[in-house]
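**Q** One structure, pasted below without further comment.
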Amino acid sequence: MTKPQSPPRRLIGQGMMRVDGDGKVRGTTRYLNDLAYRGLLHGAVVRSPVPRGLLKGITPDPDYDWSGITFVTAADIPGINVVHMHDRTMPLLAELGGEIRYRGEPVGVVAARTPERAAAAAAHIRLDIEVLPPLLTLQEAVAVFKARPGAFDSMKDQSIVKGDLARGFAEADDVLEAEYWAGHQEQLYLENQGLIVFPQKDGSILVEGSIQCPYFPVHELNDPLQLPPEKIRVRQTPIGGAFGGKEDYPTMLTGYAALPALKSGRPVKITYERNEDILFTPKRHPVWVRYKTGFKKDGTLTAIECDFLLDGGAYLTLSDVVMFRGILHCALAYRCDNVTIRGRVARTNSMPCGAFRGFGAPQAIWGLESHLDAIAARLGKPPHLYRLQVHARPGDVTPTGQVLSGENGSTACLKLALQRADFARKLKRCSRGRLRRGQAKWYGIGLAFFGHGAAFTGDGEAKFKAKGRVELTRLADGRPGIDIRVSSTEMGQGVHTVFTQIAADALSLDPGRIRFPLADTGLTPNSGPTVASRTTMVVGNVVHRAALDLKRQIESFASRRHFKGAAVELRRSQLVAPGRPPLPFARVARDMLAELGGASGFFQFELPPETKWDQQAFVGDSYPGYSWSANIAEIEIDPLTCEIDVKRVTAVLDIGRVINPVTASGQVEGGLTQALGYALLEKIGTGRNGLYDAARLQTYIIPTARDIPEFDVQFVEYPYTFAPPGAKGLGELPMDGLAPAIANAVEAATGRRIRTLPITPEAIFAALHPAQGAPAS
Amino acid sequence: MSTLKRTWKVNGQTVPIRAPAGRRLLDVLRDDLGLVGTKESCGEGECGACTVIVDNEPVVSCLIPAGQLPDGTAILTIEGIEKTRIGRLIQRAFLECGAVQCGFCIPGMVVSSYALLVKNPRPSTPAIREGLAGNLCRCTGYTKIIQAVKLAAARLPKRK
């Protein structure tokens, strides 16, 4: 008699504990700097002391003792002096006779037995530079753009055009135009950048380090190092935070370390201290965005015209794609038939900007959500009712002509957030610059609503074809288990945990038998970089399908080998067939390993065949799926000191299927906190010498446990059914909208709209007392 | 610089210390004693990743010269925390509440939470925020960390 089987326990949807948590709470997880290696050289980068000039000479001090020190310049580059990135223009090291384009641009690398010795030697490299006048900031670039557009140096232009803008403005009853600014934002992962390059006997290199996208160095350094992809192997060490900051930059760092490693034949480690990490690694792009909008008396948006300028820094690196994501979000969330968006990437003499959670979308949404509140105010409509009226929903057509699918919780996010925050009632209590009865401080509530395109832009996923394997193997305890082999990196976001859940459910196995080794390009198929809110949605689907493939192989083997051809199912760690005693998975797997040597399931991602995207025209299905969110911020402002206290934040999100509600809400709270820093605290200026003025944690201020509000995080689930288990993007969405929600709350509290981030107390004071200007800080 | 000869009690064990007097406590712990659970992030006392307990007070070990600590100094690091009941309760609560993401700040957070609960076994939410205000975390938004400290506190054995 067979026992009645209870249905398999589902892990998807459960707050399963992190698989990597134990070592992290005990301090036994070994990050790069915790690993002891003998015989390393330590690299120090020699940098330009000026933001622009002609490099005329590089001279090691003849009186210095150079014994035991390896020094490399561009002359030591085996191949072409270029990092591929997106346009193959950035040299790995500044070329003698060439132009220095930013302060701190690498000119050489010194490697020595200790970091101290390397730093001391680096200070004895004399650079002869003919100084040229720099253009340092986006403010200067925008001034050129406005006064002499022909002289404006754009590294990439891209427009989106929908409908007829002139007709849209002709139909409008009213027009509103405004400009919005935001500055740099530093990722500020707690573990600084670092990696080691080990030269191998066969001329190849092995790279180990805190690297978000292990396949990037494999494919972007072939020309300078004259090594094909198979001769650059990258192994990820546990990553102490990245947020995009370890996406593009480790490729350059790999190049800097590889040159002295190849020259000396010794492994070379470069790890930054905090000061060097803040000064000389990429940040979120500063933005200037100008909206001109036409609308009817009833609120209908008839025209949206938008200029979106990012500060790309000295080289394009990946700023083209950041700008693309920006312009794709500049008018995404609202209905309008006539839209023209013009994106540009300004060249300035500053460190190239790079990836940071959101990747252009927060800059776009900052402008749009501020501007939409301003339109509502002009119309005399409450901001929430206006958004309910004009927001995008299923069946609507985006600026690139994509029809939004029904797997879309935009309306649900908006309505639930308004209800949970009691927005309509609280809006009436806002101070608007005058204390109401019972108020000791000015009170304001503000709303932002937005979508975020998940995965690569356009047909990027169709071209990339993310690959992954799920392998039957023997685990450390000698018993059979499963290895997940995808190149998605665990940076804290929880991918090791959620992929374990996905594989365990697909295979109907205990998650304790599933292992997810750190990415190693020598062993792991290329499932793409861990970016673009694509991992759970796209690579999660690859893991799910590869696990189902392996499950079928195990069942088929068991059917042949153990069940005489009967139909067999792997269910709750047992192979079961009707009318027979079940066999444990471990027994069957052991036989399979012994007789076949192993087995693995494989899958390669594809987009639905009907996906259409024209990259030249920028028309079509710009993202495979969209996540949605509404953020509501409640704030108090001290009328005397202008200090801002964010009391409560409500965030409702549609991220499709929620795989793990605990890790998901943790990501949301963390992303909202980064957005709170972007809104209020995190400020970097540029000195005339080309250096950032906030170069350390004493001057670059991020939120602490005292600065955070009470969070109310809720999910509404509209799964992406094409790619089971149906997740959409999560990682970037929480960074997108809190800054404008806070700006809108500041307007409700003070009666003043502030159009530049961050909104410091000094900025509020200046807005309240325009004659006096900002107090000296 | 003169070489220091001291004897400290590190995680309950008597340990001879030989180091230049100006060497940072953080480097003595990580490089000389191999206690790499303590992390370095900013190196200037702002982030709290290197927090350890010296004679019952939480300190940032990147700002303490070894020469400042006399013979007999008692030092507790993340490696010693889990040998204590409170430490294990805190670690467990961090896991259960989902208070861990990248993990780099977590040893310092656990040490600061331990110092807080030893002094104040029933901390209010503002007291927890205050107690952790010297420890930066860029991943979690602190909410689940604060919940974890509360949960650990609730599980502490009641004192008479």
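Within each chain, counting starts at residue 1; across the structure tokens, chains are named A, B, ... in the order shown, with ligands numbered 1 upward in that order.
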What residues in chain B have any atom no more than 9 Å from chain A when counting only C-alpha atoms, and can you write them as number ranges by chain?
**A** B: 30, 34, 36-47, 49, 78-79, 81-82, 90-92, 94-107, 110, 126, 128-144, 146
**Q** Identify, on the basis of only C-alpha atoms, every residue whose closest approach to B:Leu25 does not exceed 9 Å; exclude the query and any residue fewer than 4 positions from it along the same chain; express the result as a list in words.
**A**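 Counting only C-alpha atoms, the residues come to Leu29, Arg30, Val60, Ser61, Cys62, Leu63, Ile64, Pro65, Ala66, Gly67 and Leu69 of chain B.
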**Q** Just N, CA and C atoms for this one: save the residues we selected as a short mmCIF file (atom, residue, chain, number, x, y, z; two decimals), in the first residue's frame.
**A**
```
data_model
loop_
_atom_site.label_atom_id
_atom_site.label_comp_id
_atom_site.auth_asym_id
_atom_site.auth_seq_id
_atom_site.Cartn_x
_atom_site.Cartn_y
_atom_site.Cartn_z
N LEU B 29 45.15 42.66 15.08
CA LEU B 29 44.14 41.60 15.08
C LEU B 29 44.14 40.84 13.75
N ARG B 30 44.09 41.58 12.65
CA ARG B 30 43.93 40.93 11.34
C ARG B 30 45.22 40.28 10.85
N VAL B 60 36.41 51.56 17.60
CA VAL B 60 36.81 51.30 16.21
C VAL B 60 38.31 51.01 16.22
N SER B 61 38.65 49.78 15.87
CA SER B 61 40.03 49.33 16.06
C SER B 61 41.00 49.98 15.08
N CYS B 62 40.48 50.68 14.06
CA CYS B 62 41.39 51.36 13.12
C CYS B 62 41.96 52.64 13.72
N LEU B 63 41.39 53.11 14.82
CA LEU B 63 41.87 54.36 15.41
C LEU B 63 42.64 54.14 16.71
N ILE B 64 42.85 52.87 17.10
CA ILE B 64 43.52 52.60 18.38
C ILE B 64 44.95 52.14 18.10
N PRO B 65 45.97 52.92 18.51
CA PRO B 65 47.34 52.41 18.41
C PRO B 65 47.54 51.31 19.45
N ALA B 66 48.21 50.24 19.05
CA ALA B 66 48.37 49.11 19.96
C ALA B 66 49.05 49.53 21.25
N GLY B 67 49.97 50.51 21.14
CA GLY B 67 50.70 50.96 22.33
C GLY B 67 49.81 51.56 23.40
N LEU B 69 47.18 50.22 24.57
CA LEU B 69 46.49 49.20 25.35
C LEU B 69 47.48 48.48 26.27
#
```
**Q** Got a sec: who's within 10 Å of A:Gly395, counting only C-alpha atoms, leaving out chain neighbours fewer than 5 positions off, as a short mmCIF file (atom, residue, chain, number, x, y, z; two decimals) with all heavy atoms, in the first residue's frame?
**A**
```cif
data_model
loop_
_atom_site.label_atom_id
_atom_site.label_comp_id
_atom_site.auth_asym_id
_atom_site.auth_seq_id
_atom_site.Cartn_x
_atom_site.Cartn_y
_atom_site.Cartn_z
N GLN A 402 5.80 50.51 -27.57
CA GLN A 402 5.52 49.20 -26.96
C GLN A 402 4.15 49.24 -26.28
O GLN A 402 3.84 50.18 -25.55
CB GLN A 402 6.59 48.87 -25.92
CG GLN A 402 6.40 47.52 -25.25
CD GLN A 402 7.59 47.15 -24.35
OE1 GLN A 402 8.46 47.99 -24.10
NE2 GLN A 402 7.62 45.93 -23.88
N VAL A 403 3.36 48.21 -26.52
CA VAL A 403 2.06 48.10 -25.85
C VAL A 403 2.29 47.41 -24.51
O VAL A 403 2.83 46.30 -24.46
CB VAL A 403 1.06 47.31 -26.71
CG1 VAL A 403 -0.28 47.18 -25.98
CG2 VAL A 403 0.87 47.98 -28.07
N LEU A 404 1.90 48.07 -23.43
CA LEU A 404 2.11 47.48 -22.10
C LEU A 404 1.20 46.28 -21.92
O LEU A 404 0.00 46.35 -22.19
CB LEU A 404 1.85 48.51 -21.01
CG LEU A 404 2.86 49.67 -20.92
CD1 LEU A 404 2.42 50.67 -19.87
CD2 LEU A 404 4.26 49.15 -20.62
N SER A 405 1.78 45.19 -21.43
CA SER A 405 1.02 43.95 -21.30
C SER A 405 0.12 44.01 -20.07
O SER A 405 0.18 44.94 -19.26
CB SER A 405 1.97 42.77 -21.17
OG SER A 405 2.43 42.67 -19.84
N GLY A 406 -0.69 43.00 -19.94
CA GLY A 406 -1.58 42.90 -18.78
C GLY A 406 -0.85 42.49 -17.51
O GLY A 406 -1.43 42.53 -16.42
N ASN A 408 0.92 43.72 -15.31
CA ASN A 408 1.29 45.09 -15.02
C ASN A 408 0.46 45.59 -13.84
O ASN A 408 -0.74 45.77 -13.94
CB ASN A 408 0.97 45.91 -16.28
CG ASN A 408 1.19 47.38 -16.10
OD1 ASN A 408 1.16 47.90 -14.99
ND2 ASN A 408 1.40 48.07 -17.20
#
```
**Q** Restricting the calculation to only C-alpha atoms: of A:Val649, A:Ala739, A:Cys353, A:Val495, which residue gets closest to A:Pro517?
**A**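 When distances to A:Pro517 are compared using only C-alpha atoms, the smallest one comes from A:Val495.
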**Q** In Å, how far is it from atom CA of A:Val498 to atom CA of A:Leu11?
**A**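 Those two atoms sit 9.1 Å apart.
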**Q** May I have the residues within 10 Å of A:Phe722 as a list in words, using only C-alpha atoms and disregarding those fewer than 5 positions away in the same chain?
**A** Met537, Asn541, Leu607, Pro608, Pro624, Gly625 and Ala727 of chain A
**Q** Which polymer residues have any atom within 12 Å of an atom of A:Ala74, counting only C-alpha atoms, with same-chain residues fewer than 3 positions away left out, as a list of chain:residue names?
**A**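 The residues satisfying every condition are A:Val46, A:Leu55, A:Ile58, A:Phe71, A:Ile77, A:Pro78, A:Gly79, A:Ile80, A:Asn81, A:Val82, A:Pro91, A:Leu92, A:Leu93, A:Ala94, A:Glu95, A:Leu96, A:Gly97, A:Gly98, A:Pro106, A:Val107, A:Gly108, A:Val109, A:Pro224, A:Leu225, A:Gly255, A:Tyr256, A:Leu259, A:Pro260.
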**Q** Please write the residues from the selection above to a file, keeping C-alpha atoms, as a PDB file, in the first residue's frame.
**A**
```
ATOM      1  CA  VAL A  46      50.324  56.498 -10.749  1.00  0.00           C
ATOM      2  CA  LEU A  55      51.586  64.037 -21.266  1.00  0.00           C
ATOM      3  CA  ILE A  58      57.215  60.018 -17.463  1.00  0.00           C
ATOM      4  CA  PHE A  71      56.969  49.891 -13.094  1.00  0.00           C
ATOM      5  CA  ILE A  77      51.023  47.214 -22.987  1.00  0.00           C
ATOM      6  CA  PRO A  78      51.493  44.108 -25.164  1.00  0.00           C
ATOM      7  CA  GLY A  79      48.749  45.079 -27.614  1.00  0.00           C
ATOM      8  CA  ILE A  80      46.547  48.044 -28.419  1.00  0.00           C
ATOM      9  CA  ASN A  81      46.196  50.621 -25.647  1.00  0.00           C
ATOM     10  CA  VAL A  82      42.417  50.516 -25.297  1.00  0.00           C
ATOM     11  CA  PRO A  91      43.217  53.997 -23.168  1.00  0.00           C
ATOM     12  CA  LEU A  92      44.150  51.566 -20.422  1.00  0.00           C
ATOM     13  CA  LEU A  93      46.967  53.937 -19.409  1.00  0.00           C
ATOM     14  CA  ALA A  94      47.507  57.472 -20.671  1.00  0.00           C
ATOM     15  CA  GLU A  95      49.781  57.435 -23.704  1.00  0.00           C
ATOM     16  CA  LEU A  96      53.016  59.429 -23.789  1.00  0.00           C
ATOM     17  CA  GLY A  97      52.346  62.351 -26.101  1.00  0.00           C
ATOM     18  CA  GLY A  98      48.607  61.895 -25.671  1.00  0.00           C
ATOM     19  CA  PRO A 106      46.178  56.365 -14.695  1.00  0.00           C
ATOM     20  CA  VAL A 107      49.564  56.959 -16.272  1.00  0.00           C
ATOM     21  CA  GLY A 108      51.439  53.984 -14.867  1.00  0.00           C
ATOM     22  CA  VAL A 109      51.404  51.252 -12.251  1.00  0.00           C
ATOM     23  CA  PRO A 224      45.536  45.503 -24.720  1.00  0.00           C
ATOM     24  CA  LEU A 225      46.703  42.228 -23.145  1.00  0.00           C
ATOM     25  CA  GLY A 255      44.201  45.801 -16.669  1.00  0.00           C
ATOM     26  CA  TYR A 256      46.191  47.895 -14.192  1.00  0.00           C
ATOM     27  CA  LEU A 259      50.477  44.735 -16.749  1.00  0.00           C
ATOM     28  CA  PRO A 260      52.964  44.523 -13.837  1.00  0.00           C
TER      29      PRO A 260
END
```
**Q** Hey, what's within 7 Å of stretch 48-54 of chain A if we count only C-alpha atoms and toss same-chain stuff fewer than 6 positions away? As a PyMOL selection string, please?
**A** chain A and resi 97-107+129-134+349-350+689-690
**Q** Just how far from atom CA of A:Leu136 is atom CA of A:Gly244, in Å to one decimal?
**A**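 Separating atom CA of A:Gly244 from atom CA of A:Leu136 is a distance of 23.4 Å.
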**Q** List as a PDB file with N, CA, C and O atoms, in the first residue's frame the protein and nucleic acid residues near A:Arg571, meaning an atom at most 10 Å away when only C-alpha atoms are counted, but skip any in the same chain fewer than 4 places from it.
**A**
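Saved file result20.pdb follows:
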```pdb
ATOM      1  N   GLN A   5       0.700  10.887  -0.591  1.00  0.00           N
ATOM      2  CA  GLN A   5       1.793  11.859  -0.648  1.00  0.00           C
ATOM      3  C   GLN A   5       1.243  13.274  -0.452  1.00  0.00           C
ATOM      4  O   GLN A   5       0.312  13.673  -1.128  1.00  0.00           O
ATOM      5  N   PRO A   7       1.564  17.235  -1.018  1.00  0.00           N
ATOM      6  CA  PRO A   7       2.163  17.933  -2.158  1.00  0.00           C
ATOM      7  C   PRO A   7       3.555  18.440  -1.788  1.00  0.00           C
ATOM      8  O   PRO A   7       3.825  18.682  -0.616  1.00  0.00           O
ATOM      9  N   PRO A   8       4.443  18.585  -2.784  1.00  0.00           N
ATOM     10  CA  PRO A   8       5.784  19.073  -2.478  1.00  0.00           C
ATOM     11  C   PRO A   8       5.720  20.445  -1.814  1.00  0.00           C
ATOM     12  O   PRO A   8       4.909  21.281  -2.188  1.00  0.00           O
ATOM     13  N   ARG A   9       6.611  20.645  -0.849  1.00  0.00           N
ATOM     14  CA  ARG A   9       6.660  21.938  -0.190  1.00  0.00           C
ATOM     15  C   ARG A   9       7.257  22.948  -1.152  1.00  0.00           C
ATOM     16  O   ARG A   9       8.308  22.712  -1.751  1.00  0.00           O
ATOM     17  N   ASP A 505      12.740  23.911  -5.851  1.00  0.00           N
ATOM     18  CA  ASP A 505      11.349  23.690  -6.244  1.00  0.00           C
ATOM     19  C   ASP A 505      11.258  22.936  -7.567  1.00  0.00           C
ATOM     20  O   ASP A 505      10.454  22.017  -7.718  1.00  0.00           O
ATOM     21  N   ALA A 506      12.080  23.330  -8.526  1.00  0.00           N
ATOM     22  CA  ALA A 506      12.006  22.685  -9.846  1.00  0.00           C
ATOM     23  C   ALA A 506      12.388  21.213  -9.736  1.00  0.00           C
ATOM     24  O   ALA A 506      11.807  20.353 -10.391  1.00  0.00           O
ATOM     25  N   LEU A 507      13.388  20.906  -8.901  1.00  0.00           N
ATOM     26  CA  LEU A 507      13.873  19.528  -8.778  1.00  0.00           C
ATOM     27  C   LEU A 507      13.126  18.750  -7.706  1.00  0.00           C
ATOM     28  O   LEU A 507      13.297  17.529  -7.604  1.00  0.00           O
ATOM     29  N   SER A 508      12.356  19.457  -6.885  1.00  0.00           N
ATOM     30  CA  SER A 508      11.692  18.846  -5.734  1.00  0.00           C
ATOM     31  C   SER A 508      12.721  18.186  -4.805  1.00  0.00           C
ATOM     32  O   SER A 508      12.594  17.033  -4.405  1.00  0.00           O
ATOM     33  N   LEU A 509      13.762  18.942  -4.522  1.00  0.00           N
ATOM     34  CA  LEU A 509      14.818  18.476  -3.626  1.00  0.00           C
ATOM     35  C   LEU A 509      14.935  19.403  -2.424  1.00  0.00           C
ATOM     36  O   LEU A 509      14.526  20.569  -2.473  1.00  0.00           O
ATOM     37  N   LYS A 551      16.047  17.281 -13.954  1.00  0.00           N
ATOM     38  CA  LYS A 551      15.049  16.438 -13.294  1.00  0.00           C
ATOM     39  C   LYS A 551      14.556  15.347 -14.259  1.00  0.00           C
ATOM     40  O   LYS A 551      14.465  14.164 -13.898  1.00  0.00           O
ATOM     41  N   GLU A 555      14.894  11.343 -13.754  1.00  0.00           N
ATOM     42  CA  GLU A 555      13.711  10.466 -13.804  1.00  0.00           C
ATOM     43  C   GLU A 555      13.857   9.398 -14.885  1.00  0.00           C
ATOM     44  O   GLU A 555      13.504   8.226 -14.681  1.00  0.00           O
ATOM     45  N   LEU A 575      12.434   9.174  -5.753  1.00  0.00           N
ATOM     46  CA  LEU A 575      11.941   8.769  -7.065  1.00  0.00           C
ATOM     47  C   LEU A 575      10.752   7.872  -6.835  1.00  0.00           C
ATOM     48  O   LEU A 575      10.881   6.823  -6.171  1.00  0.00           O
ATOM     49  N   VAL A 576       9.590   8.283  -7.331  1.00  0.00           N
ATOM     50  CA  VAL A 576       8.377   7.507  -7.067  1.00  0.00           C
ATOM     51  C   VAL A 576       7.751   7.035  -8.367  1.00  0.00           C
ATOM     52  O   VAL A 576       7.746   7.742  -9.378  1.00  0.00           O
ATOM     53  N   PRO A 582       9.188   3.778  -3.128  1.00  0.00           N
ATOM     54  CA  PRO A 582      10.029   4.852  -3.663  1.00  0.00           C
ATOM     55  C   PRO A 582      11.499   4.628  -3.334  1.00  0.00           C
ATOM     56  O   PRO A 582      11.839   3.908  -2.388  1.00  0.00           O
ATOM     57  N   PRO A 584      15.182   6.694  -2.565  1.00  0.00           N
ATOM     58  CA  PRO A 584      15.683   8.031  -2.247  1.00  0.00           C
ATOM     59  C   PRO A 584      16.494   8.611  -3.399  1.00  0.00           C
ATOM     60  O   PRO A 584      17.189   7.861  -4.105  1.00  0.00           O
ATOM     61  N   PHE A 585      16.429   9.923  -3.552  1.00  0.00           N
ATOM     62  CA  PHE A 585      17.209  10.621  -4.585  1.00  0.00           C
ATOM     63  C   PHE A 585      18.682  10.252  -4.468  1.00  0.00           C
ATOM     64  O   PHE A 585      19.359  10.001  -5.478  1.00  0.00           O
TER      65      PHE A 585
END
```
**Q** From the DSSP assignment of the backbone, select every residue of chain B that is strand (DSSP E), and format the answer as a ChimeraX atom specification.
**A** /B:3-10,13-20,51-54,57-60,74-76
**Q** Measure the distance from atom CA of A:Gly245 to atom CA of A:Arg357 in Å and round it to one decimal.
**A** 8.5 Å
**Q** Could you pull out the alpha helix (DSSP H) residues of chain B, going by DSSP on the backbone, and write them as a ChimeraX atom specification?
**A** /B:25-27,78-81,85-97,106-119,125-131,143-155
